[in-house]
Amino acid sequence: MMVEYRFYIGMVIDNEVVIGMGKCDCDFEDMSLPESVGESLRRRGGIEGLVSDLPDQDSIKREVNLHKALSDPNRLKLLHMLAISECCPCVLKRALGLADSKLSYHLSKLESQGLVEFYREQNWRIYRITEFGRSNLI
């Protein structure tokens with residue numbers, strides 16, 4: 001059985017996630033596959049069924065952005081510190097040796113992905129890790 005299927009191709013170009021569609025005609029029944037793979041594909045409705053279960057483009061973009069936020073060593077250190085204790089920026093700055101602008105940039109990346117949040121206590125911003133942020137730590 002010949003199946004035409006579409007698939008997503010994701011790449012980063014100039015710091016932007018670009019998701020494209022591809023198309024392939026494929027008859028997996030004629031492919032030389034391990035028996036367990038062939039059986040698994042048959043249960044899923046072939047390659048078309050497998051591809052149809054992929055997340056949509058917006059979900060893929062969100063996941064890419066999350067992984068990008070987690071891919072920086074300073075941001076991971078910030079997450080681990082905030083998993084241990086709530087902190088104000090002055091403590092985070094001194095602990096990591098970052099300039100104000102760098103710290104602000106990293107915190108905003110973590111905030112934008114819902115990994116950290118802050119609350120105000122008088123004139124202070126106090127940062128803390130969110131449950132989502134905690135769930136993304138190893």
# chains A, B, ... in the order shown; residues from 1 in each chain; ligands from 1

$ residues_around --residues "Arg125 (chain A)" --least-positions-apart "4" --cutoff "9 Å" --atoms "only C-alpha atoms" --output "count of residues only"
7

$ closest_atom_pairs --of "region 32-72 of chain A" --to "region 107-116 of chain A" --cutoff "10 Å" --atoms "only C-alpha atoms" --output "JSON lines"
{"residue": "A:Arg62", "atom": "CA", "partner": "A:Gln113", "partner_atom": "CA", "distance": 8.4}
{"residue": "A:Glu63", "atom": "CA", "partner": "A:Gln113", "partner_atom": "CA", "distance": 9.6}
{"residue": "A:Asn65", "atom": "CA", "partner": "A:Gln113", "partner_atom": "CA", "distance": 7.5}
{"residue": "A:Leu66", "atom": "CA", "partner": "A:Gln113", "partner_atom": "CA", "distance": 6.1}
{"residue": "A:His67", "atom": "CA", "partner": "A:Gln113", "partner_atom": "CA", "distance": 9.6}
{"residue": "A:Lys68", "atom": "CA", "partner": "A:Lys109", "partner_atom": "CA", "distance": 9.1}
{"residue": "A:Ala69", "atom": "CA", "partner": "A:Lys109", "partner_atom": "CA", "distance": 6.1}
{"residue": "A:Leu70", "atom": "CA", "partner": "A:Leu110", "partner_atom": "CA", "distance": 8.1}

$ write_last_selection --atoms "N, CA and C atoms" --output "short mmCIF file (atom, residue, chain, number, x, y, z; two decimals), in the first residue's frame"
data_model
loop_
_atom_site.label_atom_id
_atom_site.label_comp_id
_atom_site.auth_asym_id
_atom_site.auth_seq_id
_atom_site.Cartn_x
_atom_site.Cartn_y
_atom_site.Cartn_z
N ARG A 62 6.63 25.99 20.84
CA ARG A 62 6.71 26.19 22.29
C ARG A 62 7.78 25.29 22.89
N GLU A 63 7.84 24.05 22.43
CA GLU A 63 8.83 23.12 22.96
C GLU A 63 10.25 23.54 22.58
N ASN A 65 11.26 26.61 22.05
CA ASN A 65 11.59 27.78 22.87
C ASN A 65 11.91 27.38 24.31
N LEU A 66 11.21 26.39 24.84
CA LEU A 66 11.51 25.90 26.18
C LEU A 66 12.91 25.32 26.22
N HIS A 67 13.24 24.48 25.24
CA HIS A 67 14.57 23.87 25.22
C HIS A 67 15.66 24.92 25.02
N LYS A 68 15.37 25.95 24.23
CA LYS A 68 16.35 27.03 24.07
C LYS A 68 16.57 27.75 25.40
N ALA A 69 15.49 27.97 26.14
CA ALA A 69 15.62 28.64 27.44
C ALA A 69 16.44 27.79 28.41
N LEU A 70 16.33 26.49 28.31
CA LEU A 70 17.04 25.59 29.21
C LEU A 70 18.46 25.26 28.74
#

$ closest_atom_pairs --of "region 51-78 of chain A" --to "region 126-132 of chain A" --cutoff "12 Å" --atoms "only C-alpha atoms" --output "JSON lines"
{"residue": "A:Leu66", "atom": "CA", "partner": "A:Phe132", "partner_atom": "CA", "distance": 11.0}
{"residue": "A:Arg75", "atom": "CA", "partner": "A:Ile129", "partner_atom": "CA", "distance": 11.7}
{"residue": "A:Leu76", "atom": "CA", "partner": "A:Ile129", "partner_atom": "CA", "distance": 11.3}
{"residue": "A:Lys77", "atom": "CA", "partner": "A:Ile129", "partner_atom": "CA", "distance": 11.8}
{"residue": "A:Leu78", "atom": "CA", "partner": "A:Ile129", "partner_atom": "CA", "distance": 9.1}

$ residues_around --residues "Cys90 (chain A)" --least-positions-apart "3" --cutoff "10 Å" --atoms "only C-alpha atoms" --output "VMD selection string"
chain A and resid 87 93 to 95 98 100 103 124 to 126

$ select_by_dssp --residues "region 19-90 of chain A" --states "strand (DSSP E or B)" --output "PyMOL selection string"
chain A and resi 19-26+87

$ write_last_selection --atoms "N, CA and C atoms" --output "mmCIF file, in the first residue's frame"
data_model
loop_
_atom_site.group_PDB
_atom_site.id
_atom_site.type_symbol
_atom_site.label_atom_id
_atom_site.label_comp_id
_atom_site.auth_asym_id
_atom_site.auth_seq_id
_atom_site.Cartn_x
_atom_site.Cartn_y
_atom_site.Cartn_z
ATOM 1 N N ILE A 19 9.310 26.297 10.799
ATOM 2 C CA ILE A 19 8.708 24.981 10.658
ATOM 3 C C ILE A 19 8.158 24.886 9.241
ATOM 4 N N GLY A 20 8.570 23.883 8.527
ATOM 5 C CA GLY A 20 8.090 23.687 7.165
ATOM 6 C C GLY A 20 7.421 22.337 7.035
ATOM 7 N N MET A 21 6.797 22.106 5.933
ATOM 8 C CA MET A 21 6.145 20.830 5.672
ATOM 9 C C MET A 21 6.889 20.128 4.558
ATOM 10 N N GLY A 22 6.999 18.842 4.674
ATOM 11 C CA GLY A 22 7.574 18.029 3.621
ATOM 12 C C GLY A 22 6.545 16.995 3.191
ATOM 13 N N LYS A 23 6.793 16.316 2.120
ATOM 14 C CA LYS A 23 5.858 15.319 1.629
ATOM 15 C C LYS A 23 6.667 14.155 1.078
ATOM 16 N N CYS A 24 6.209 12.957 1.346
ATOM 17 C CA CYS A 24 6.925 11.781 0.882
ATOM 18 C C CYS A 24 5.917 10.698 0.540
ATOM 19 N N ASP A 25 6.156 10.002 -0.558
ATOM 20 C CA ASP A 25 5.365 8.816 -0.884
ATOM 21 C C ASP A 25 6.132 7.630 -0.337
ATOM 22 N N CYS A 26 5.509 6.868 0.517
ATOM 23 C CA CYS A 26 6.234 5.779 1.151
ATOM 24 C C CYS A 26 5.316 4.596 1.372
ATOM 25 N N CYS A 87 15.180 34.331 45.703
ATOM 26 C CA CYS A 87 16.292 35.297 45.742
ATOM 27 C C CYS A 87 15.898 36.600 45.068
#

$ closest_residue --among "A:Leu50, A:Ala99, A:Leu79, A:Leu92" --to "Ile138 (chain A)" --atoms "only C-alpha atoms"
A:Leu79

$ atom_distance --atom1 "CA of His80 (chain A)" --atom2 "CA of Arg134 (chain A)"
8.5 Å

$ closest_residue --among "A:Met31, A:Asn74, A:Ile60, A:Val91" --to "Gly46 (chain A)" --atoms "only C-alpha atoms"
A:Met31

$ decode --residues "region 57-86 of chain A" --atoms "N, CA and C atoms" --output "CSV table (one decimal), in the first residue's frame"
chain,number,residue,atom,x,y,z
A,57,GLN,N,2.2,22.6,14.9
A,57,GLN,CA,3.4,23.5,14.7
A,57,GLN,C,3.5,24.4,15.9
A,58,ASP,N,2.4,24.9,16.5
A,58,ASP,CA,2.6,25.8,17.6
A,58,ASP,C,3.1,25.1,18.9
A,59,SER,N,2.8,23.8,19.1
A,59,SER,CA,3.3,23.0,20.2
A,59,SER,C,4.8,22.8,20.0
A,60,ILE,N,5.2,22.5,18.8
A,60,ILE,CA,6.6,22.3,18.5
A,60,ILE,C,7.4,23.6,18.7
A,61,LYS,N,6.9,24.7,18.3
A,61,LYS,CA,7.5,26.0,18.6
A,61,LYS,C,7.7,26.3,20.1
A,62,ARG,N,6.6,26.0,20.8
A,62,ARG,CA,6.7,26.2,22.3
A,62,ARG,C,7.8,25.3,22.9
A,63,GLU,N,7.8,24.1,22.4
A,63,GLU,CA,8.8,23.1,23.0
A,63,GLU,C,10.3,23.5,22.6
A,64,VAL,N,10.4,24.0,21.4
A,64,VAL,CA,11.7,24.5,20.9
A,64,VAL,C,12.2,25.7,21.8
A,65,ASN,N,11.3,26.6,22.1
A,65,ASN,CA,11.6,27.8,22.9
A,65,ASN,C,11.9,27.4,24.3
A,66,LEU,N,11.2,26.4,24.8
A,66,LEU,CA,11.5,25.9,26.2
A,66,LEU,C,12.9,25.3,26.2
A,67,HIS,N,13.2,24.5,25.2
A,67,HIS,CA,14.6,23.9,25.2
A,67,HIS,C,15.7,24.9,25.0
A,68,LYS,N,15.4,25.9,24.2
A,68,LYS,CA,16.3,27.0,24.1
A,68,LYS,C,16.6,27.8,25.4
A,69,ALA,N,15.5,28.0,26.1
A,69,ALA,CA,15.6,28.6,27.4
A,69,ALA,C,16.4,27.8,28.4
A,70,LEU,N,16.3,26.5,28.3
A,70,LEU,CA,17.0,25.6,29.2
A,70,LEU,C,18.5,25.3,28.7
A,71,SER,N,18.8,25.7,27.6
A,71,SER,CA,20.1,25.3,27.0
A,71,SER,C,21.3,26.2,27.4
A,72,ASP,N,21.1,27.2,28.2
A,72,ASP,CA,22.1,28.1,28.6
A,72,ASP,C,22.6,27.8,30.1
A,73,PRO,N,23.9,27.6,30.3
A,73,PRO,CA,24.4,27.2,31.6
A,73,PRO,C,24.0,28.2,32.7
A,74,ASN,N,24.0,29.5,32.4
A,74,ASN,CA,23.6,30.5,33.4
A,74,ASN,C,22.2,30.4,33.8
A,75,ARG,N,21.3,30.1,32.8
A,75,ARG,CA,19.9,30.0,33.1
A,75,ARG,C,19.6,28.7,33.9
A,76,LEU,N,20.4,27.7,33.6
A,76,LEU,CA,20.2,26.5,34.4
A,76,LEU,C,20.7,26.7,35.9
A,77,LYS,N,21.8,27.4,36.0
A,77,LYS,CA,22.2,27.7,37.4
A,77,LYS,C,21.2,28.6,38.1
A,78,LEU,N,20.6,29.5,37.4
A,78,LEU,CA,19.6,30.4,38.0
A,78,LEU,C,18.4,29.5,38.5
A,79,LEU,N,18.0,28.6,37.6
A,79,LEU,CA,16.9,27.7,38.0
A,79,LEU,C,17.2,26.9,39.2
A,80,HIS,N,18.4,26.3,39.3
A,80,HIS,CA,18.8,25.5,40.4
A,80,HIS,C,18.9,26.3,41.7
A,81,MET,N,19.4,27.5,41.6
A,81,MET,CA,19.5,28.4,42.8
A,81,MET,C,18.1,28.7,43.3
A,82,LEU,N,17.2,29.0,42.3
A,82,LEU,CA,15.8,29.4,42.7
A,82,LEU,C,15.0,28.1,43.2
A,83,ALA,N,15.5,26.9,42.9
A,83,ALA,CA,14.9,25.7,43.4
A,83,ALA,C,15.3,25.6,44.9
A,84,ILE,N,16.4,26.1,45.2
A,84,ILE,CA,16.9,26.0,46.6
A,84,ILE,C,16.3,27.1,47.5
A,85,SER,N,16.3,28.3,46.9
A,85,SER,CA,15.8,29.5,47.7
A,85,SER,C,15.3,30.6,46.8
A,86,GLU,N,14.3,31.3,47.3
A,86,GLU,CA,13.8,32.5,46.6
A,86,GLU,C,15.0,33.5,46.7
